[in-house]
file final.cif (mmCIF, C-alpha atoms)
data_coords
loop_
_atom_site.label_atom_id
_atom_site.label_comp_id
_atom_site.auth_asym_id
_atom_site.auth_seq_id
_atom_site.Cartn_x
_atom_site.Cartn_y
_atom_site.Cartn_z
CA MET N 1 40.96 -158.75 13.15
CA CYS N 2 43.56 -158.94 15.89
CA GLY N 3 43.73 -158.30 19.59
CA ILE N 4 46.29 -155.99 21.16
CA VAL N 5 47.02 -155.31 24.82
CA GLY N 6 49.33 -153.11 26.85
CA PHE N 7 50.00 -153.00 30.58
CA PHE N 8 52.13 -150.49 32.47
CA VAL N 9 52.75 -150.54 36.22
CA LYS N 10 53.44 -147.09 37.62
CA ASP N 11 55.51 -147.94 40.68
CA SER N 12 56.44 -151.58 40.85
CA GLY N 13 60.12 -151.51 41.66
CA GLY N 14 60.29 -153.61 38.51
CA GLN N 15 58.77 -156.64 40.18
CA ALA N 16 55.16 -156.58 38.99
CA GLU N 17 53.69 -159.76 37.56
CA ILE N 18 53.38 -158.29 34.10
CA GLY N 19 53.63 -161.66 32.37
CA ARG N 20 50.61 -163.03 34.21
CA THR N 21 48.52 -159.91 33.54
CA ILE N 22 49.41 -159.63 29.87
CA LEU N 23 48.80 -163.33 29.31
CA GLY N 24 45.42 -163.02 31.07
CA MET N 25 44.51 -160.11 28.81
CA LEU N 26 45.58 -162.02 25.69
CA ARG N 27 43.61 -165.12 26.70
CA ALA N 28 40.45 -163.00 26.87
CA LEU N 29 41.15 -161.85 23.30
CA GLY N 30 42.16 -165.26 21.97
CA CYS N 31 39.02 -165.52 19.84
CA ARG N 32 40.03 -162.35 17.95
CA GLY N 33 43.10 -164.05 16.55
CA PRO N 34 43.93 -167.75 16.77
CA ASP N 35 46.82 -167.66 14.28
CA SER N 36 49.61 -166.52 16.57
CA ALA N 37 50.33 -164.90 19.89
CA GLY N 38 53.24 -162.90 21.23
CA VAL N 39 54.43 -160.58 23.96
CA ALA N 40 57.09 -157.93 24.42
CA LEU N 41 58.01 -157.71 28.10
CA TYR N 42 60.23 -155.17 29.82
CA ASN N 43 62.42 -156.28 32.73
CA THR N 44 64.18 -154.22 35.30
CA PRO N 45 67.65 -153.37 34.01
CA ASP N 46 70.30 -155.32 35.82
CA ASP N 47 73.80 -154.81 34.48
CA GLY N 48 73.34 -152.53 31.50
CA ARG N 49 74.00 -155.36 29.06
CA LEU N 50 71.88 -155.99 25.99
CA VAL N 51 69.71 -159.07 25.61
CA VAL N 52 69.56 -160.49 22.08
CA ARG N 53 66.89 -163.03 21.20
CA VAL N 54 67.53 -165.00 18.04
CA LYS N 55 64.94 -167.09 16.20
CA LEU N 56 66.78 -170.29 15.33
CA GLY N 57 64.23 -171.64 12.89
CA ASP N 58 60.72 -172.98 12.64
CA ASP N 59 61.73 -176.63 13.11
CA GLY N 60 64.69 -179.00 12.91
CA GLU N 61 67.63 -179.51 15.26
CA LEU N 62 67.66 -176.21 17.09
CA GLY N 63 70.40 -177.12 19.61
CA SER N 64 73.06 -177.38 16.92
CA ARG N 65 71.78 -174.15 15.35
CA ALA N 66 72.23 -172.38 18.68
CA ARG N 67 75.83 -173.65 18.87
CA GLN N 68 76.37 -172.42 15.31
CA VAL N 69 75.27 -168.90 16.30
CA SER N 70 77.29 -169.03 19.50
CA SER N 71 80.52 -170.00 17.75
CA ARG N 72 79.96 -167.22 15.21
CA LEU N 73 79.74 -164.72 18.05
CA GLU N 74 82.99 -165.84 19.68
CA SER N 75 84.84 -163.21 17.69
CA PHE N 76 82.76 -160.47 19.35
CA ALA N 77 84.04 -159.06 22.62
CA GLY N 78 81.67 -159.12 25.59
CA VAL N 79 79.31 -161.89 24.45
CA GLY N 80 78.10 -163.90 27.41
CA PRO N 81 76.86 -167.49 27.58
CA TYR N 82 73.56 -168.28 25.89
CA SER N 83 70.43 -170.20 26.78
CA THR N 84 67.83 -171.76 24.50
CA ILE N 85 64.10 -172.03 25.00
CA GLY N 86 61.61 -173.05 22.36
CA ALA N 87 62.61 -171.64 18.99
CA TYR N 88 64.94 -169.01 20.47
CA ALA N 89 68.50 -168.60 21.64
CA ARG N 90 69.05 -165.80 24.15
CA PHE N 91 72.39 -164.03 24.36
CA SER N 92 73.60 -161.28 26.60
CA VAL N 93 76.09 -158.90 24.99
CA SER N 94 78.01 -155.84 26.09
CA ALA N 95 76.24 -152.51 25.51
CA GLU N 96 79.27 -151.38 23.48
CA THR N 97 78.69 -154.07 20.85
CA ASP N 98 78.25 -152.91 17.25
CA LEU N 99 74.63 -154.03 16.88
CA LYS N 100 74.48 -153.91 13.11
CA ARG N 101 77.62 -156.01 12.76
CA LEU N 102 76.31 -158.48 15.36
CA THR N 103 72.93 -158.79 13.61
CA ASP N 104 74.58 -159.26 10.22
CA ALA N 105 76.92 -161.90 11.63
CA ILE N 106 73.97 -163.91 12.98
CA GLU N 107 71.56 -163.47 10.09
CA SER N 108 74.11 -164.16 7.35
CA LEU N 109 74.62 -167.68 8.74
CA ASP N 110 71.25 -168.99 7.60
CA LYS N 111 68.09 -167.46 6.14
CA ASP N 112 66.07 -168.88 9.05
CA PHE N 113 68.06 -166.96 11.67
CA GLU N 114 66.50 -163.70 12.75
CA VAL N 115 67.25 -161.34 15.62
CA VAL N 116 63.73 -161.03 17.00
CA SER N 117 64.48 -158.53 19.75
CA MET N 118 67.36 -156.62 21.23
CA GLY N 119 67.50 -154.25 24.14
CA ARG N 120 68.55 -153.57 27.70
CA ARG N 121 65.13 -154.57 28.99
CA LEU N 122 63.07 -155.87 26.07
CA GLU N 123 62.32 -159.57 25.58
CA ILE N 124 60.01 -160.69 22.78
CA VAL N 125 58.55 -164.17 22.49
CA LYS N 126 55.99 -165.04 19.85
CA GLN N 127 54.87 -168.13 18.00
CA THR N 128 51.99 -169.51 15.98
CA GLY N 129 48.95 -170.69 17.92
CA SER N 130 47.04 -169.47 20.94
CA PRO N 131 48.11 -167.54 24.04
CA ASP N 132 47.79 -170.84 25.95
CA ASN N 133 50.37 -172.40 23.64
CA LEU N 134 52.67 -169.45 24.19
CA GLU N 135 52.42 -170.00 27.94
CA LYS N 136 53.10 -173.74 27.55
CA THR N 137 56.27 -173.12 25.58
CA TYR N 138 57.65 -170.01 27.26
CA CYS N 139 56.04 -169.71 30.74
CA VAL N 140 55.17 -166.08 30.03
CA SER N 141 53.24 -165.80 33.29
CA ARG N 142 56.40 -166.12 35.38
CA HIS N 143 57.87 -162.98 33.89
CA GLN N 144 58.20 -159.96 36.19
CA GLY N 145 58.92 -156.42 35.11
CA THR N 146 57.49 -152.95 34.60
CA HIS N 147 55.39 -152.99 31.43
CA GLY N 148 54.70 -154.87 28.23
CA ILE N 149 52.54 -155.30 25.15
CA GLY N 150 50.93 -158.33 23.55
CA HIS N 151 49.16 -159.48 20.41
CA THR N 152 46.86 -162.21 19.14
CA ARG N 153 46.75 -162.41 15.38
CA LEU N 154 44.16 -163.17 12.76
CA SER N 155 46.17 -163.00 9.56
CA THR N 156 44.49 -161.09 6.75
CA GLU N 157 47.27 -160.23 4.33
CA SER N 158 50.42 -162.24 4.93
CA ARG N 159 51.58 -165.68 5.95
CA VAL N 160 51.27 -167.30 9.35
CA ASP N 161 54.65 -168.09 10.90
CA LEU N 162 56.80 -166.90 13.77
CA SER N 163 58.46 -164.06 11.86
CA HIS N 164 55.12 -162.64 10.69
CA SER N 165 53.76 -162.71 14.24
CA GLN N 166 53.71 -159.68 16.51
CA PRO N 167 55.04 -157.83 18.50
CA PHE N 168 57.59 -156.44 16.05
CA TRP N 169 60.88 -155.17 17.33
CA SER N 170 62.08 -152.08 15.47
CA HIS N 171 65.19 -153.70 14.01
CA GLY N 172 68.26 -151.71 14.86
CA TYR N 173 66.61 -149.59 17.56
CA PRO N 174 67.10 -151.20 20.99
CA ASP N 175 64.03 -151.70 23.22
CA LEU N 176 61.41 -150.33 20.77
CA ALA N 177 58.53 -152.70 20.01
CA ILE N 178 55.02 -152.36 18.57
CA VAL N 179 51.74 -154.22 18.20
CA HIS N 180 49.18 -153.19 15.62
CA ASN N 181 45.54 -153.96 14.85
CA GLY N 182 44.41 -152.79 11.43
CA HIS N 183 45.73 -152.21 7.94
CA ILE N 184 48.34 -149.75 6.70
CA THR N 185 47.07 -148.92 3.24
CA ASN N 186 50.15 -147.00 2.04
CA TYR N 187 52.40 -149.85 3.18
CA HIS N 188 53.82 -150.62 -0.28
CA GLN N 189 54.64 -146.98 -0.95
CA LEU N 190 56.38 -146.61 2.43
CA ARG N 191 58.17 -149.91 2.03
CA ARG N 192 59.56 -148.93 -1.37
CA ARG N 193 60.75 -145.64 0.07
CA TYR N 194 62.50 -147.29 3.01
CA GLU N 195 64.01 -150.06 0.89
CA GLN N 196 65.54 -147.45 -1.40
CA ARG N 197 67.31 -146.14 1.70
CA GLY N 198 68.64 -149.60 2.48
CA VAL N 199 66.21 -150.62 5.22
CA ARG N 200 65.63 -154.38 5.32
CA PHE N 201 62.09 -155.74 5.69
CA TYR N 202 61.89 -159.18 7.27
CA THR N 203 58.25 -159.94 6.46
CA GLU N 204 55.36 -159.08 4.18
CA ASN N 205 53.26 -158.01 7.15
CA ASP N 206 52.14 -154.38 6.84
CA SER N 207 52.48 -153.93 10.62
CA GLU N 208 56.27 -154.20 10.27
CA VAL N 209 56.36 -150.79 8.63
CA VAL N 210 54.99 -149.25 11.84
CA ALA N 211 58.01 -150.53 13.77
CA ILE N 212 60.37 -149.25 11.09
CA TYR N 213 58.61 -145.90 10.84
CA LEU N 214 58.83 -145.27 14.60
CA ALA N 215 62.50 -146.31 14.68
CA VAL N 216 63.32 -143.91 11.83
CA GLN N 217 61.52 -141.04 13.56
CA MET N 218 63.11 -141.72 16.94
CA ALA N 219 66.57 -142.14 15.45
CA ARG N 220 66.10 -138.59 14.11
CA GLY N 221 65.46 -137.39 17.64
CA ALA N 222 61.67 -137.57 17.95
CA SER N 223 60.19 -138.65 21.28
CA LEU N 224 57.84 -141.62 21.27
CA ARG N 225 54.91 -139.21 21.54
CA GLU N 226 56.14 -137.16 18.59
CA ALA N 227 56.73 -140.30 16.53
CA LEU N 228 53.19 -141.57 17.25
CA GLU N 229 51.73 -138.17 16.36
CA ARG N 230 53.63 -138.15 13.07
CA MET N 231 52.13 -141.56 12.28
CA LEU N 232 48.76 -139.82 11.96
CA ARG N 233 50.24 -137.66 9.20
CA ASP N 234 52.26 -140.31 7.35
CA LEU N 235 50.50 -143.67 7.74
CA ASP N 236 47.16 -144.24 6.01
CA GLY N 237 44.56 -146.83 6.82
CA SER N 238 42.93 -148.05 9.99
CA TYR N 239 45.04 -148.68 12.99
CA SER N 240 45.09 -148.93 16.72
CA CYS N 241 48.72 -149.23 17.68
CA LEU N 242 50.65 -149.71 20.89
CA ALA N 243 54.35 -148.97 21.15
CA ALA N 244 56.76 -149.44 24.02
CA THR N 245 60.29 -148.38 24.82
CA GLU N 246 62.56 -149.07 27.77
CA ARG N 247 60.59 -146.63 29.93
CA GLU N 248 57.36 -145.87 28.03
CA LEU N 249 54.07 -147.25 26.83
CA GLY N 250 52.06 -145.35 24.24
CA PHE N 251 49.19 -145.73 21.80
CA VAL N 252 47.80 -144.04 18.72
CA LYS N 253 44.36 -144.39 17.16
CA ASP N 254 43.88 -143.43 13.53
CA THR N 255 41.78 -140.75 11.88
CA PHE N 256 38.96 -143.14 10.96
CA ALA N 257 38.84 -144.76 14.41
CA LEU N 258 37.78 -148.02 12.78
CA LYS N 259 39.76 -150.26 15.10
CA PRO N 260 38.55 -150.56 18.67
CA LEU N 261 40.76 -149.61 21.61
CA VAL N 262 39.85 -149.02 25.24
CA MET N 263 41.95 -147.95 28.20
CA THR N 264 41.95 -147.47 31.93
CA GLU N 265 44.31 -145.61 34.21
CA THR N 266 44.43 -145.94 38.00
CA ASP N 267 46.97 -144.77 40.57
CA GLU N 268 48.73 -148.12 40.18
CA PHE N 269 48.57 -149.08 36.52
CA VAL N 270 47.56 -148.34 32.94
CA ALA N 271 45.88 -151.00 30.82
CA VAL N 272 44.99 -150.68 27.14
CA ALA N 273 43.25 -153.32 25.03
CA THR N 274 41.17 -153.96 21.94
CA GLU N 275 38.21 -155.02 24.08
CA GLU N 276 37.24 -154.17 27.65
CA ILE N 277 36.83 -157.85 28.48
CA ALA N 278 40.64 -158.19 28.35
CA ILE N 279 41.09 -155.57 31.06
CA ARG N 280 38.24 -156.85 33.25
CA ALA N 281 39.35 -160.47 32.97
CA ALA N 282 42.96 -159.79 33.98
CA LEU N 283 42.61 -156.94 36.48
CA PRO N 284 40.06 -157.27 39.28
CA GLY N 285 38.93 -154.16 41.18
CA GLN N 286 36.92 -151.00 40.74
CA TYR N 287 37.92 -148.73 37.87
CA SER N 288 36.32 -147.18 34.82
CA VAL N 289 37.27 -148.02 31.26
CA ARG N 290 36.92 -145.58 28.37
CA GLU N 291 37.28 -145.74 24.63
CA ALA N 292 40.32 -144.15 22.99
CA GLN N 293 39.29 -141.21 20.82
CA VAL N 294 39.89 -140.43 17.17
CA ARG N 295 43.54 -139.39 16.57
CA GLU N 296 44.29 -139.77 20.26
CA VAL N 297 47.93 -140.27 21.25
CA ARG N 298 48.90 -141.10 24.82
CA VAL N 299 52.28 -141.97 26.31
CA TRP N 300 53.06 -143.02 29.87
CA GLN N 301 56.59 -142.76 31.11
CA ARG N 302 58.33 -143.93 34.25
CA MET M 303 14.14 -159.43 42.13
CA ALA M 304 16.64 -162.00 40.87
CA GLU M 305 20.34 -161.32 41.26
CA ILE M 306 22.83 -163.18 39.12
CA VAL M 307 26.54 -162.87 39.91
CA CYS M 308 28.76 -163.72 36.95
CA GLY M 309 31.97 -164.52 38.84
CA SER M 310 34.05 -166.87 36.74
CA ARG M 311 31.10 -168.52 35.06
CA ALA M 312 30.77 -169.03 31.32
CA THR M 313 28.43 -166.79 29.33
CA ARG M 314 26.20 -169.70 28.36
CA GLU M 315 25.65 -170.53 32.01
CA ILE M 316 24.81 -166.90 32.88
CA ASN M 317 22.32 -166.68 30.01
CA SER M 318 20.72 -169.97 31.10
CA GLU M 319 20.29 -168.55 34.58
CA ILE M 320 18.61 -165.44 33.17
CA ARG M 321 16.16 -167.69 31.35
CA ARG M 322 15.58 -169.80 34.47
CA ALA M 323 14.78 -166.67 36.48
CA ILE M 324 12.27 -165.55 33.83
CA ALA M 325 10.69 -169.01 33.79
CA ALA M 326 10.37 -168.83 37.59
CA GLY M 327 8.38 -165.61 37.26
CA ASP M 328 11.04 -162.96 38.00
CA ARG M 329 10.38 -159.68 36.16
CA ASP M 330 13.32 -157.70 37.57
CA ILE M 331 16.75 -159.25 37.03
CA VAL M 332 20.14 -157.78 37.91
CA VAL M 333 23.32 -159.28 36.45
CA LYS M 334 26.31 -158.33 38.60
CA ASP M 335 29.99 -158.32 37.63
CA PRO M 336 29.35 -158.82 33.88
CA GLY M 337 33.03 -158.12 33.17
CA ALA M 338 32.42 -156.86 29.61
CA ARG M 339 31.58 -160.39 28.45
CA HIS M 340 30.16 -160.79 24.97
CA ASN M 341 26.69 -162.19 24.13
CA LEU M 342 25.09 -161.49 27.50
CA GLY M 343 21.31 -161.56 27.68
CA VAL M 344 20.76 -162.84 24.17
CA ALA M 345 17.41 -164.26 23.03
CA VAL M 346 15.33 -162.94 25.93
CA LEU M 347 11.71 -163.06 24.78
CA ALA M 348 9.85 -161.69 27.79
CA PRO M 349 8.89 -158.16 29.00
CA VAL M 350 11.32 -158.17 31.93
CA ARG M 351 13.65 -155.50 33.30
CA LEU M 352 17.20 -156.72 32.79
CA ARG M 353 19.97 -154.64 34.31
CA PHE M 354 23.70 -155.23 33.84
CA ALA M 355 25.61 -153.70 36.74
CA GLY M 356 28.84 -152.97 34.86
CA SER M 357 30.11 -153.14 31.28
CA VAL M 358 29.03 -155.61 28.62
CA GLY M 359 30.85 -156.71 25.47
CA TYR M 360 29.57 -157.29 21.95
CA TYR M 361 26.01 -158.30 20.96
CA CYS M 362 24.40 -157.71 24.35
CA ALA M 363 20.68 -158.55 24.31
CA GLY M 364 20.96 -159.62 20.68
CA LEU M 365 18.01 -161.50 19.15
CA SER M 366 15.84 -160.36 22.05
CA ASP M 367 12.26 -159.14 21.91
CA GLY M 368 10.46 -157.56 24.84
CA PRO M 369 12.93 -156.86 27.65
CA HIS M 370 13.82 -153.43 29.00
CA VAL M 371 17.60 -153.53 29.20
CA GLU M 372 19.81 -151.20 31.27
CA ILE M 373 23.60 -151.19 31.21
CA ASP M 374 25.39 -149.26 33.97
CA GLU M 375 28.70 -148.74 32.15
CA SER M 376 29.86 -149.40 28.56
CA ALA M 377 28.58 -151.66 25.80
CA GLY M 378 30.51 -153.07 22.86
CA TRP M 379 29.41 -153.33 19.23
CA GLY M 380 26.19 -154.93 18.06
CA LEU M 381 23.97 -153.92 20.95
CA ALA M 382 20.46 -155.27 20.39
#
call {"tool": "encode", "arguments": {"input": "final.cif", "output": "structure tokens"}}
result
Amino acid sequence: MCGIVGFFVKDSGGQAEIGRTILGMLRALGCRGPDSAGVALYNTPDDGRLVVRVKLGDDGELGSRARQVSSRLESFAGVGPYSTIGAYARFSVSAETDLKRLTDAIESLDKDFEVVSMGRRLEIVKQTGSPDNLEKTYCVSRHQGTHGIGHTRLSTESRVDLSHSQPFWSHGYPDLAIVHNGHITNYHQLRRRYEQRGVRFYTENDSEVVAIYLAVQMARGASLREALERMLRDLDGSYSCLAATERELGFVKDTFALKPLVMTETDEFVAVATEEIAIRAALPGQYSVREAQVREVRVWQR
Amino acid sequence: MAEIVCGSRATREINSEIRRAIAAGDRDIVVKDPGARHNLGVAVLAPVRLRFAGSVGYYCAGLSDGPHVEIDESAGWGLA
């Protein structure tokens, strides 16, 4: 059991209080998953540069680890100064950077280092514990932007740590992130297939394969909608899934419709969540909420 | 008729108020702004009319015996 939420503001000028809303939605779902909490938030693009968030480790002297990553990146052109908050270092790099080479340079330094998100607008923060803890560490509620997704996790099949928490960034595909509630029952088969092609898996969490699957489809030219529709053909099990890109928010609900998902759409916003209480608690006003249907795919784009 | 507005109150407090209204003799109770909360109206053991003016979450009116329950919008799993 997990809780997932998504929030999309239709015309905000990029300045909507998405952090506050998504945190409010996650708090209402906290009892669905006390193991970890995380958000993927989308800012307004500023200078076309890419933001890279690096997990420095689960404990220890993180300041010196950040310096270690920074000095490794000195050989890359267009790497800006970094900041650290909580378990992360945040770098801004030129959009022309070779992302694979950059990721390899960081992650080969230490097994604890992981590029958790990368994109022009995407920022992921996640950690073990409740949504309240996430707010204490990262002040999620101060974050402004256009849309985002969030997750509270009750682990059922893999370990509880930062890397196994959601949202998952689709490694190698800028700005694409997912949250998933359910189980992917052909996970091992898909994983073997992808690993034979050289794709690296960072965790043993079956949700990670959703992020990889969507990235593979979209790298072949599929739209987010097409990629979510193909999921219904290729991924078995029970799932309600939200995915976001630089400009889109979408969801898919599986053939068995075992995992709850409800949504509302007004002239101002779209909100999607595992339970209606998340939407009602975070968004006052008059609107109707409906349940997502079997095999339903929706995508909103700005 | 008793009217109970949920506002920001906890579920336990709302359910206590439903029971207080029944104890005071009310037979027609409206719960406003339920906000899709879980466990609303549980363990009501009286033949009252209990209306939720909005959506309720999981287990609404669970473990109840006797009330006539109306829900204006949606209900989650485990409805009585």
call {"tool": "atom_distance", "arguments": {"input": "final.cif", "atom1": "CA of Ser357 in chain M", "atom2": "CA of Phe269 in chain N"}}
result
19.6 Å
call {"tool": "axis_aligned_box", "arguments": {"input": "final.cif", "around": "range 14-25 of chain N", "padding_each_side": "3 Å", "output": "lines of an AutoDock Vina configuration file"}}
result
center_x = 52.4
center_y = -158.5
center_z = 34.5
size_x = 21.8
size_y = 15.7
size_z = 17.4
call {"tool": "closest_residue", "arguments": {"input": "final.cif", "among": "M:Glu305, M:Glu315, M:Asp335, M:Asp367", "to": "chain N", "atoms": "all atoms listed in the file"}}
result
M:Asp335
call {"tool": "closest_atom_pairs", "arguments": {"input": "final.cif", "of": "chain M", "to": "chain N", "cutoff": "12 Å", "atoms": "only C-alpha atoms", "output": "JSON lines"}}
result
{"residue": "M:Cys308", "atom": "CA", "partner": "N:Ala281", "partner_atom": "CA", "distance": 11.8}
{"residue": "M:Gly309", "atom": "CA", "partner": "N:Ala281", "partner_atom": "CA", "distance": 10.3}
{"residue": "M:Ser310", "atom": "CA", "partner": "N:Ala281", "partner_atom": "CA", "distance": 9.1}
{"residue": "M:Arg311", "atom": "CA", "partner": "N:Ala281", "partner_atom": "CA", "distance": 11.7}
{"residue": "M:Asp335", "atom": "CA", "partner": "N:Arg280", "partner_atom": "CA", "distance": 9.5}
{"residue": "M:Pro336", "atom": "CA", "partner": "N:Arg280", "partner_atom": "CA", "distance": 9.1}
{"residue": "M:Gly337", "atom": "CA", "partner": "N:Arg280", "partner_atom": "CA", "distance": 5.4}
{"residue": "M:Ala338", "atom": "CA", "partner": "N:Ile277", "partner_atom": "CA", "distance": 4.7}
{"residue": "M:Arg339", "atom": "CA", "partner": "N:Ile277", "partner_atom": "CA", "distance": 5.8}
{"residue": "M:His340", "atom": "CA", "partner": "N:Ile277", "partner_atom": "CA", "distance": 8.1}
{"residue": "M:Asn341", "atom": "CA", "partner": "N:Ile277", "partner_atom": "CA", "distance": 11.9}
{"residue": "M:Gly356", "atom": "CA", "partner": "N:Ser288", "partner_atom": "CA", "distance": 9.5}
{"residue": "M:Ser357", "atom": "CA", "partner": "N:Glu276", "partner_atom": "CA", "distance": 8.1}
{"residue": "M:Val358", "atom": "CA", "partner": "N:Ile277", "partner_atom": "CA", "distance": 8.1}
{"residue": "M:Gly359", "atom": "CA", "partner": "N:Ile277", "partner_atom": "CA", "distance": 6.8}
{"residue": "M:Tyr360", "atom": "CA", "partner": "N:Glu275", "partner_atom": "CA", "distance": 9.2}
{"residue": "M:Asp374", "atom": "CA", "partner": "N:Ser288", "partner_atom": "CA", "distance": 11.2}
{"residue": "M:Glu375", "atom": "CA", "partner": "N:Ser288", "partner_atom": "CA", "distance": 8.2}
{"residue": "M:Ser376", "atom": "CA", "partner": "N:Val289", "partner_atom": "CA", "distance": 8.0}
{"residue": "M:Ala377", "atom": "CA", "partner": "N:Glu276", "partner_atom": "CA", "distance": 9.2}
{"residue": "M:Gly378", "atom": "CA", "partner": "N:Glu275", "partner_atom": "CA", "distance": 8.0}
{"residue": "M:Trp379", "atom": "CA", "partner": "N:Pro260", "partner_atom": "CA", "distance": 9.6}
call {"tool": "closest_residue", "arguments": {"input": "final.cif", "among": "M:Cys362, M:Gly368, M:Gly327, M:Val332", "to": "Leu347 in chain M", "atoms": "only C-alpha atoms"}}
result
M:Gly368
call {"tool": "atom_distance", "arguments": {"input": "final.cif", "atom1": "CA of Cys31 in chain N", "atom2": "CA of Ser130 in chain N"}}
result
9.0 Å
call {"tool": "residues_around", "arguments": {"input": "final.cif", "residues": "Arg322 in chain M", "least_positions_apart": "4", "cutoff": "12 Å", "atoms": "only C-alpha atoms", "output": "list of chain:residue names"}}
result
M:Ala304, M:Glu305, M:Ile306, M:Glu315, M:Ile316, M:Asn317, M:Ser318, M:Ala326, M:Gly327, M:Asp328, M:Arg329, M:Ile331, M:Val346, M:Ala348
call {"tool": "atom_distance", "arguments": {"input": "final.cif", "atom1": "CA of Val93 in chain N", "atom2": "CA of Val216 in chain N"}}
result
23.7 Å
call {"tool": "residues_around", "arguments": {"input": "final.cif", "residues": "Leu176 in chain N", "least_positions_apart": "3", "cutoff": "7 Å", "atoms": "only C-alpha atoms", "output": "PDB file with C-alpha atoms, in the coordinates of the input"}}
result
ATOM      1  CA  TRP N 169      60.880-155.170  17.330  1.00  0.00           C
ATOM      2  CA  SER N 170      62.080-152.080  15.470  1.00  0.00           C
ATOM      3  CA  TYR N 173      66.610-149.590  17.560  1.00  0.00           C
ATOM      4  CA  ALA N 244      56.760-149.440  24.020  1.00  0.00           C
ATOM      5  CA  THR N 245      60.290-148.380  24.820  1.00  0.00           C
TER       6      THR N 245
END
call {"tool": "residues_around", "arguments": {"input": "final.cif", "residues": "range 220-229 of chain N", "least_positions_apart": "3", "cutoff": "9 Å", "atoms": "only C-alpha atoms", "output": "compact mmCIF listing (two decimals) with C-alpha atoms, in the frame of the given file"}}
result
# COMPACT_ATOMS: atom_id res chain seq x y z
CA TYR N 213 58.61 -145.90 10.84
CA LEU N 214 58.83 -145.27 14.60
CA ALA N 215 62.50 -146.31 14.68
CA VAL N 216 63.32 -143.91 11.83
CA GLN N 217 61.52 -141.04 13.56
CA LEU N 232 48.76 -139.82 11.96
CA ARG N 233 50.24 -137.66 9.20
CA CYS N 241 48.72 -149.23 17.68
CA ALA N 243 54.35 -148.97 21.15
CA ALA N 244 56.76 -149.44 24.02
CA THR N 245 60.29 -148.38 24.82
CA GLU N 248 57.36 -145.87 28.03
CA LEU N 249 54.07 -147.25 26.83
CA GLY N 250 52.06 -145.35 24.24
CA PHE N 251 49.19 -145.73 21.80
CA VAL N 252 47.80 -144.04 18.72
CA ARG N 295 43.54 -139.39 16.57
CA GLU N 296 44.29 -139.77 20.26
CA VAL N 297 47.93 -140.27 21.25
CA ARG N 298 48.90 -141.10 24.82
CA VAL N 299 52.28 -141.97 26.31
call {"tool": "resolve_selection", "arguments": {"input": "final.cif", "expression": "the PyMOL selection byres ((chain N and resi 109-121) around 7)", "output": "NGL selection string"}}
result
:N and (42-45 or 48-57 or 103 or 105-108 or 122-124 or 169 or 174-175 or 246)
call {"tool": "closest_residue", "arguments": {"input": "final.cif", "among": "N:Gly19, N:Gly172, N:Gly60, N:Gly285", "to": "Val5 in chain N", "atoms": "all atoms listed in the file"}}
result
N:Gly19
call {"tool": "closest_residue", "arguments": {"input": "final.cif", "among": "M:Arg321, M:Gly364, M:Met303, M:Pro369", "to": "Pro349 in chain M", "atoms": "only C-alpha atoms"}}
result
M:Pro369
call {"tool": "resolve_selection", "arguments": {"input": "final.cif", "expression": "the PyMOL selection byres ((chain M and resi 365) around 7)", "output": "number ranges by chain"}}
result
M: 344-345, 363-364, 366-367, 382
